[in-house]
Amino acid sequence: MSSGPALLVQTQQGTTGGGPGQDSRGGPARHVVTRRGLLRLISPVAVVLLWQGVTALGIVSQQKLPPPSEVWSTAVSLITTDSAAYGTLQGAMLISLERVAIGFGLGAAVALSLALIAGLSRIGENAVDPLMQMLRTVPLFGLIPVFIVWFGIGNLPKILMIALAAAFPLYLNTFSGIRNVDAKLAELGEVLHLRRRELIRQIVLPGALPQILVGLRQSLSFAWVALVVAEQINANAGLGYMIDQAAQFLRNDVIFVALIVYLILGLLTDALVRLLERKALSWRRGFLEQ
Amino acid sequence: MAPRVPGAVTADYGDGHAARHDDRAYSAEATGTPTVRIRDLRRSFGERRVLDGLDLDIASGEFVALIGRSGSGKSTLLRALAGLDRDTAGEVSVEGTVAVAFQEPRLVPWKRVLANICLGLRVADPAAAARTALAEVGLTERADAWPLTLSGGEAQRASLARALVREPRLLLLDEPFSALDALTTITMHRLVVRLWAHHQPSVLLVTHDVDEALTLADRVLVLANGRIGYSCRIDVPRPRDRNQSQLAGLRTRLLAELGVDTEGTR
């Protein structure tokens, strides 16, 4: 249960750390055909080969660590056959995707609204920010039993859990992004007699956008982690349920397939935000020089 | 935003930004009303009195340079005139529109050059006005560039265009050339004089460079102890050269006013 999400978070936060501006290192999603992209593929491929090697040679038991070839054939059979225990892989994936999409959408909408209220006025800040700062320290997964009591064991508590996980990073980044907009540009707006609405739309929000996008990436990765956790409790469908079932049948190969699907989905959503970043932040030096 | 009418528009920043419209038929020049009128301007930061009873008039179309040691309150005075400082006491009135070019060009980085010029511009066709302004500063071909791709000189020219397109009666220049290299600065000086001659705004140039003040201004003021400590008129025709003999005496005097001894080690 822990290796999947941990891996996912590491991958995503690793690329988030540099910030969108300095992020000129590129990634597999961006430079698939470039020389640098090929170079970056070397180490992952080497790890897969090593993994295949140690398991095929029996250095590590195949029961504990199924070789990549077996994971691959398990994936193929999970896709092609609708088993009673697991359903199909694509079916589980769609259910998980739907939960993340709804939960993330809900959390992001609430977070952005609250951050705008808190960021754009002192009264809003006093009303919203203390609550958010308090709530964000509540251990999210400690809320699971409470959520089950409140919302039952259906889809609702899972979606709310994801929404909550996604909301905090986006709120915090959007709020601080708004507040850290260059004061000199705000002053310029004053000198140019911009109306408040113009100031917000032309100076404040675009100025906060880089950090909003950082928040978006963080909150997406948090949403995936919350999904994994939420789905392993009282679920009857989805990737987490598949992992839960496989654990009972001691099917490590199935668990690996599900984890890899999580990883791919996480990377894909991250790549999507990065694409958005490139579109929206094309004025930034890091992008201009490419 | 103050309308561009010949009648007087007074913005009194001293008492909480009250703007008084005065629709007299005659123009400010006809009555000899100065563009800027400052009386007993005071501003303290904590215990320190940076501006202390400062009086200043700037005539319509006059080019004034303000020099002073660092921390003497040059920028404080400029900010008061720009309406950026609400904590001043005394009377500050400015006739008509004020525009500012800052030390750092302050172009909005996520807006292309043309959009920067258009920002907050309330005329019938902002883009056309902005293109005209860009042509005047020789930046036509950079209209669609991102600000971060401009050189220092180009960015400062864009900033000037953004100020001029507002057709200001008062143009405030806050050390706009201090970060530029020597060659670019000479080009910019010529450009500013040309633009000033063409548009005839009153100009207040804040600078720490005595030679720059001598090259550009009709009148040079030295700010010391919170007020205008010294004021001199420069009647040398433009274009001027900083090495001109007529300016040498003035330079010595201005440097002395600034507390620099030119006879000694310097």
# chains A, B, ... in the order shown; residues from 1 in each chain; ligands from 1
$ residues_around --residues "Asn225 in chain B" --least-positions-apart "5" --cutoff "12 Å" --atoms "only C-alpha atoms" --output "JSON, numbers by chain"
{"B": [42, 43, 48, 49, 50, 51, 52, 53, 54, 68, 69, 70, 71, 72, 73, 74, 230, 257, 258]}
$ interface_residues --of "chain B" --to "chain A" --cutoff "12 Å" --atoms "only C-alpha atoms" --output "number ranges by chain"
B: 1-2, 78-85, 97-113, 115-122, 144-150, 159, 162-166, 168, 171-172
$ write_last_selection --atoms "N, CA and C atoms" --output "short mmCIF file (atom, residue, chain, number, x, y, z; two decimals), in the first residue's frame"
data_model
loop_
_atom_site.label_atom_id
_atom_site.label_comp_id
_atom_site.auth_asym_id
_atom_site.auth_seq_id
_atom_site.Cartn_x
_atom_site.Cartn_y
_atom_site.Cartn_z
N MET B 1 -9.31 58.81 -13.79
CA MET B 1 -8.21 59.42 -14.52
C MET B 1 -8.59 60.84 -14.94
N ALA B 2 -7.65 61.72 -14.82
CA ALA B 2 -7.94 63.11 -15.13
C ALA B 2 -8.15 63.28 -16.63
N LEU B 78 9.05 62.50 -5.60
CA LEU B 78 8.46 62.00 -6.84
C LEU B 78 7.22 61.16 -6.58
N ARG B 79 7.31 60.34 -5.55
CA ARG B 79 6.14 59.50 -5.22
C ARG B 79 4.96 60.34 -4.77
N ALA B 80 5.24 61.43 -4.07
CA ALA B 80 4.16 62.33 -3.66
C ALA B 80 3.49 62.93 -4.89
N LEU B 81 4.30 63.32 -5.88
CA LEU B 81 3.75 63.90 -7.10
C LEU B 81 2.98 62.87 -7.92
N ALA B 82 3.43 61.61 -7.85
CA ALA B 82 2.76 60.56 -8.61
C ALA B 82 1.47 60.10 -7.92
N GLY B 83 1.23 60.60 -6.72
CA GLY B 83 0.03 60.18 -5.99
C GLY B 83 0.19 58.82 -5.36
N LEU B 84 1.44 58.39 -5.16
CA LEU B 84 1.68 57.06 -4.59
C LEU B 84 1.86 57.11 -3.07
N ASP B 85 1.92 58.31 -2.53
CA ASP B 85 2.17 58.43 -1.10
C ASP B 85 1.03 59.19 -0.47
N THR B 97 -2.87 65.33 -16.38
CA THR B 97 -2.44 63.95 -16.24
C THR B 97 -0.98 63.85 -15.83
N VAL B 98 -0.70 62.89 -14.96
CA VAL B 98 0.67 62.61 -14.55
C VAL B 98 1.05 61.24 -15.08
N ALA B 99 2.25 61.11 -15.61
CA ALA B 99 2.74 59.79 -16.02
C ALA B 99 4.12 59.59 -15.44
N VAL B 100 4.47 58.34 -15.19
CA VAL B 100 5.74 58.03 -14.53
C VAL B 100 6.53 57.01 -15.34
N ALA B 101 7.82 57.23 -15.47
CA ALA B 101 8.72 56.18 -15.94
C ALA B 101 9.65 55.86 -14.78
N PHE B 102 9.61 54.61 -14.34
CA PHE B 102 10.35 54.23 -13.14
C PHE B 102 11.78 53.84 -13.47
N GLN B 103 12.56 53.71 -12.41
CA GLN B 103 13.95 53.32 -12.56
C GLN B 103 14.07 51.96 -13.25
N GLU B 104 13.33 50.96 -12.72
CA GLU B 104 13.21 49.70 -13.44
C GLU B 104 11.99 49.91 -14.34
N PRO B 105 12.06 49.51 -15.60
CA PRO B 105 10.98 49.90 -16.52
C PRO B 105 9.59 49.42 -16.10
N ARG B 106 9.51 48.44 -15.24
CA ARG B 106 8.23 47.93 -14.75
C ARG B 106 7.26 47.59 -15.88
N LEU B 107 7.79 46.90 -16.88
CA LEU B 107 6.88 46.38 -17.89
C LEU B 107 6.23 45.13 -17.30
N VAL B 108 4.95 44.94 -17.57
CA VAL B 108 4.27 43.76 -17.07
C VAL B 108 4.74 42.57 -17.90
N PRO B 109 5.45 41.61 -17.28
CA PRO B 109 6.15 40.61 -18.08
C PRO B 109 5.24 39.69 -18.90
N TRP B 110 3.99 39.54 -18.46
CA TRP B 110 3.11 38.62 -19.20
C TRP B 110 2.26 39.34 -20.25
N LYS B 111 2.60 40.58 -20.50
CA LYS B 111 1.92 41.29 -21.58
C LYS B 111 2.96 41.70 -22.61
N ARG B 112 2.64 41.47 -23.87
CA ARG B 112 3.58 41.87 -24.91
C ARG B 112 3.73 43.39 -24.89
N VAL B 113 4.77 43.88 -25.56
CA VAL B 113 5.11 45.31 -25.46
C VAL B 113 3.90 46.19 -25.77
N ALA B 115 0.71 45.59 -25.61
CA ALA B 115 -0.31 45.51 -24.56
C ALA B 115 0.13 46.27 -23.32
N ASN B 116 1.43 46.31 -23.07
CA ASN B 116 1.95 47.10 -21.95
C ASN B 116 1.67 48.59 -22.15
N ILE B 117 1.86 49.05 -23.39
CA ILE B 117 1.63 50.46 -23.68
C ILE B 117 0.14 50.79 -23.51
N CYS B 118 -0.71 49.82 -23.89
CA CYS B 118 -2.16 50.04 -23.87
C CYS B 118 -2.74 49.97 -22.46
N LEU B 119 -1.99 49.43 -21.53
CA LEU B 119 -2.53 49.14 -20.20
C LEU B 119 -3.19 50.37 -19.57
N GLY B 120 -4.48 50.23 -19.28
CA GLY B 120 -5.21 51.31 -18.61
C GLY B 120 -5.41 52.54 -19.47
N LEU B 121 -5.15 52.42 -20.77
CA LEU B 121 -5.26 53.57 -21.67
C LEU B 121 -6.71 53.72 -22.13
N ARG B 122 -7.32 54.85 -21.77
CA ARG B 122 -8.74 55.00 -22.10
C ARG B 122 -8.93 56.03 -23.22
N ASP B 144 5.36 43.21 -30.68
CA ASP B 144 4.82 41.92 -30.28
C ASP B 144 5.80 41.11 -29.43
N ALA B 145 6.88 41.74 -28.99
CA ALA B 145 7.88 41.01 -28.21
C ALA B 145 7.44 40.90 -26.75
N TRP B 146 7.93 39.86 -26.08
CA TRP B 146 7.74 39.75 -24.63
C TRP B 146 8.74 40.68 -23.95
N PRO B 147 8.34 41.37 -22.90
CA PRO B 147 9.25 42.31 -22.21
C PRO B 147 10.58 41.68 -21.79
N LEU B 148 10.57 40.42 -21.39
CA LEU B 148 11.81 39.82 -20.92
C LEU B 148 12.82 39.60 -22.03
N THR B 149 12.40 39.74 -23.29
CA THR B 149 13.35 39.59 -24.38
C THR B 149 13.95 40.94 -24.80
N LEU B 150 13.51 42.02 -24.16
CA LEU B 150 14.03 43.34 -24.54
C LEU B 150 15.36 43.61 -23.85
N SER B 159 8.92 51.79 -21.68
CA SER B 159 8.37 52.45 -20.50
C SER B 159 8.07 53.93 -20.77
N ARG B 162 4.98 54.13 -22.85
CA ARG B 162 3.79 53.90 -22.05
C ARG B 162 3.41 55.16 -21.27
N ALA B 163 4.42 55.92 -20.85
CA ALA B 163 4.14 57.16 -20.13
C ALA B 163 3.61 58.23 -21.10
N LEU B 164 4.26 58.34 -22.26
CA LEU B 164 3.93 59.42 -23.18
C LEU B 164 2.57 59.25 -23.85
N VAL B 165 2.16 57.99 -24.06
CA VAL B 165 0.91 57.75 -24.77
C VAL B 165 -0.28 58.31 -23.98
N ARG B 166 -0.06 58.56 -22.69
CA ARG B 166 -1.12 59.14 -21.86
C ARG B 166 -1.19 60.66 -22.00
N PRO B 168 0.81 63.17 -20.95
CA PRO B 168 0.84 63.78 -19.61
C PRO B 168 1.17 65.27 -19.66
N LEU B 171 5.48 64.75 -16.63
CA LEU B 171 6.15 63.46 -16.81
C LEU B 171 7.19 63.32 -15.71
N LEU B 172 7.04 62.29 -14.90
CA LEU B 172 7.99 62.05 -13.82
C LEU B 172 8.96 60.96 -14.24
#
$ closest_atom_pairs --of "range 163-275 of chain A" --to "range 115-118 of chain A" --cutoff "6 Å" --atoms "only C-alpha atoms" --output "JSON lines"
{"residue": "A:Tyr171", "atom": "CA", "partner": "A:Ala115", "partner_atom": "CA", "distance": 5.3}
{"residue": "A:Thr174", "atom": "CA", "partner": "A:Ala115", "partner_atom": "CA", "distance": 5.9}
{"residue": "A:Phe175", "atom": "CA", "partner": "A:Ala115", "partner_atom": "CA", "distance": 4.9}
$ select_by_dssp --residues "range 51-154 of chain B" --states "helix (DSSP H, G or I)" --output "MDAnalysis selection string"
chainID B and resid 74:82 113:118 126:136 140:142 147:149 152:154
$ residues_around --residues "Ile233 in chain A" --least-positions-apart "2" --cutoff "10 Å" --atoms "only C-alpha atoms" --output "tab-separated table (two decimals) with N, CA and C atoms, in the first residue's frame"
chain	number	residue	atom	x	y	z
A	144	ILE	N	-10.77	9.38	8.01
A	144	ILE	CA	-11.50	8.32	7.31
A	144	ILE	C	-12.62	7.71	8.15
A	145	PRO	N	-12.33	7.30	9.41
A	145	PRO	CA	-13.43	6.72	10.21
A	145	PRO	C	-14.60	7.70	10.38
A	148	ILE	N	-16.62	7.83	7.29
A	148	ILE	CA	-17.47	6.65	7.10
A	148	ILE	C	-18.74	6.79	7.93
A	153	ILE	N	-20.31	4.23	3.29
A	153	ILE	CA	-19.15	3.60	2.66
A	153	ILE	C	-19.23	3.65	1.14
A	158	LYS	N	-15.20	8.84	-0.35
A	158	LYS	CA	-13.95	8.76	-1.12
A	158	LYS	C	-13.72	10.05	-1.91
A	228	VAL	N	-5.75	6.39	-3.62
A	228	VAL	CA	-5.21	5.07	-3.28
A	228	VAL	C	-5.66	4.66	-1.88
A	229	VAL	N	-5.53	5.60	-0.95
A	229	VAL	CA	-5.90	5.29	0.43
A	229	VAL	C	-7.40	5.05	0.53
A	230	ALA	N	-8.18	5.96	-0.04
A	230	ALA	CA	-9.63	5.87	0.10
A	230	ALA	C	-10.18	4.61	-0.56
A	231	GLU	N	-9.55	4.18	-1.65
A	231	GLU	CA	-10.09	3.05	-2.39
A	231	GLU	C	-9.82	1.71	-1.73
A	235	ALA	N	-14.05	-0.42	-0.59
A	235	ALA	CA	-14.39	-0.19	-1.99
A	235	ALA	C	-14.83	-1.51	-2.60
A	236	ASN	N	-15.65	-1.42	-3.63
A	236	ASN	CA	-15.99	-2.64	-4.35
A	236	ASN	C	-15.67	-2.52	-5.84
A	240	GLY	N	-7.75	0.62	-6.32
A	240	GLY	CA	-7.45	0.32	-4.92
A	240	GLY	C	-8.11	-0.98	-4.49
A	241	TYR	N	-9.34	-1.16	-4.96
A	241	TYR	CA	-10.05	-2.40	-4.66
A	241	TYR	C	-9.30	-3.58	-5.27
A	244	ASP	N	-6.41	-4.41	-3.11
A	244	ASP	CA	-6.92	-5.02	-1.89
A	244	ASP	C	-7.23	-6.50	-2.12
$ closest_residue --among "B:Arg131, B:Arg233, B:Arg169, B:Arg157" --to "Glu95 in chain B" --atoms "only C-alpha atoms"
B:Arg169
$ residues_around --residues "Leu66 in chain B" --least-positions-apart "5" --cutoff "7 Å" --atoms "only C-alpha atoms" --output "JSON, numbers by chain"
{"B": [74, 204, 205, 206, 207, 220, 221, 222, 223]}
$ write_last_selection --atoms "C-alpha atoms" --output "PDB file, in the first residue's frame"
ATOM      1  CA  LYS B  74      14.233  62.666  -4.116  1.00  0.00           C
ATOM      2  CA  LEU B 204      10.684  66.230 -13.288  1.00  0.00           C
ATOM      3  CA  LEU B 205      13.768  64.075 -13.673  1.00  0.00           C
ATOM      4  CA  VAL B 206      15.103  62.568 -10.481  1.00  0.00           C
ATOM      5  CA  THR B 207      18.734  61.628 -10.856  1.00  0.00           C
ATOM      6  CA  VAL B 220      18.487  71.941 -11.690  1.00  0.00           C
ATOM      7  CA  LEU B 221      17.367  71.623  -8.090  1.00  0.00           C
ATOM      8  CA  VAL B 222      19.363  70.262  -5.208  1.00  0.00           C
ATOM      9  CA  LEU B 223      17.353  68.627  -2.478  1.00  0.00           C
TER      10      LEU B 223
END
$ residues_around --residues "Ala226 in chain A" --least-positions-apart "5" --cutoff "7 Å" --atoms "only C-alpha atoms" --output "PyMOL selection string"
chain A and resi 161-162+165
$ residues_around --residues "range 248-255 of chain B" --least-positions-apart "6" --cutoff "9 Å" --atoms "only C-alpha atoms" --output "PyMOL selection string"
chain B and resi 67+210-211+214+220-222+230+232+234+242+261-263
$ residues_around --residues "Ile159 in chain A" --least-positions-apart "2" --cutoff "7 Å" --atoms "only C-alpha atoms" --output "PyMOL selection string"
chain A and resi 99+102-103+155-157+161-163
$ decode --residues "range 60-76 of chain A" --atoms "N, CA and C atoms" --output "tab-separated table (two decimals), in the first residue's frame"
chain	number	residue	atom	x	y	z
A	60	VAL	N	16.12	-12.91	-6.41
A	60	VAL	CA	14.97	-12.51	-5.59
A	60	VAL	C	13.80	-13.41	-5.97
A	61	SER	N	13.08	-13.87	-4.97
A	61	SER	CA	11.97	-14.79	-5.25
A	61	SER	C	10.90	-14.13	-6.10
A	62	GLN	N	10.45	-14.85	-7.11
A	62	GLN	CA	9.42	-14.30	-8.00
A	62	GLN	C	8.09	-14.13	-7.28
A	63	GLN	N	7.94	-14.87	-6.19
A	63	GLN	CA	6.71	-14.72	-5.38
A	63	GLN	C	6.66	-13.32	-4.76
A	64	LYS	N	7.85	-12.88	-4.30
A	64	LYS	CA	7.89	-11.56	-3.66
A	64	LYS	C	7.94	-10.43	-4.68
A	65	LEU	N	8.77	-10.64	-5.71
A	65	LEU	CA	8.92	-9.59	-6.72
A	65	LEU	C	8.73	-10.21	-8.10
A	66	PRO	N	7.55	-10.08	-8.66
A	66	PRO	CA	7.31	-10.65	-9.98
A	66	PRO	C	8.14	-9.92	-11.02
A	67	PRO	N	8.77	-10.63	-11.95
A	67	PRO	CA	9.58	-9.96	-12.97
A	67	PRO	C	8.71	-9.11	-13.91
A	68	PRO	N	9.32	-8.12	-14.53
A	68	PRO	CA	8.56	-7.23	-15.43
A	68	PRO	C	7.79	-8.01	-16.50
A	69	SER	N	8.39	-9.06	-17.00
A	69	SER	CA	7.71	-9.84	-18.04
A	69	SER	C	6.40	-10.41	-17.52
A	70	GLU	N	6.43	-10.86	-16.27
A	70	GLU	CA	5.21	-11.43	-15.70
A	70	GLU	C	4.17	-10.33	-15.43
A	71	VAL	N	4.66	-9.17	-14.95
A	71	VAL	CA	3.76	-8.05	-14.72
A	71	VAL	C	3.07	-7.68	-16.03
A	72	TRP	N	3.86	-7.68	-17.09
A	72	TRP	CA	3.31	-7.34	-18.41
A	72	TRP	C	2.23	-8.34	-18.81
A	73	SER	N	2.52	-9.66	-18.68
A	73	SER	CA	1.52	-10.63	-19.14
A	73	SER	C	0.28	-10.59	-18.24
A	74	THR	N	0.49	-10.32	-16.93
A	74	THR	CA	-0.67	-10.17	-16.05
A	74	THR	C	-1.52	-8.99	-16.49
A	75	ALA	N	-0.85	-7.88	-16.85
A	75	ALA	CA	-1.57	-6.69	-17.32
A	75	ALA	C	-2.40	-7.03	-18.54
A	76	VAL	N	-1.77	-7.75	-19.48
A	76	VAL	CA	-2.49	-8.12	-20.71
A	76	VAL	C	-3.72	-8.96	-20.38
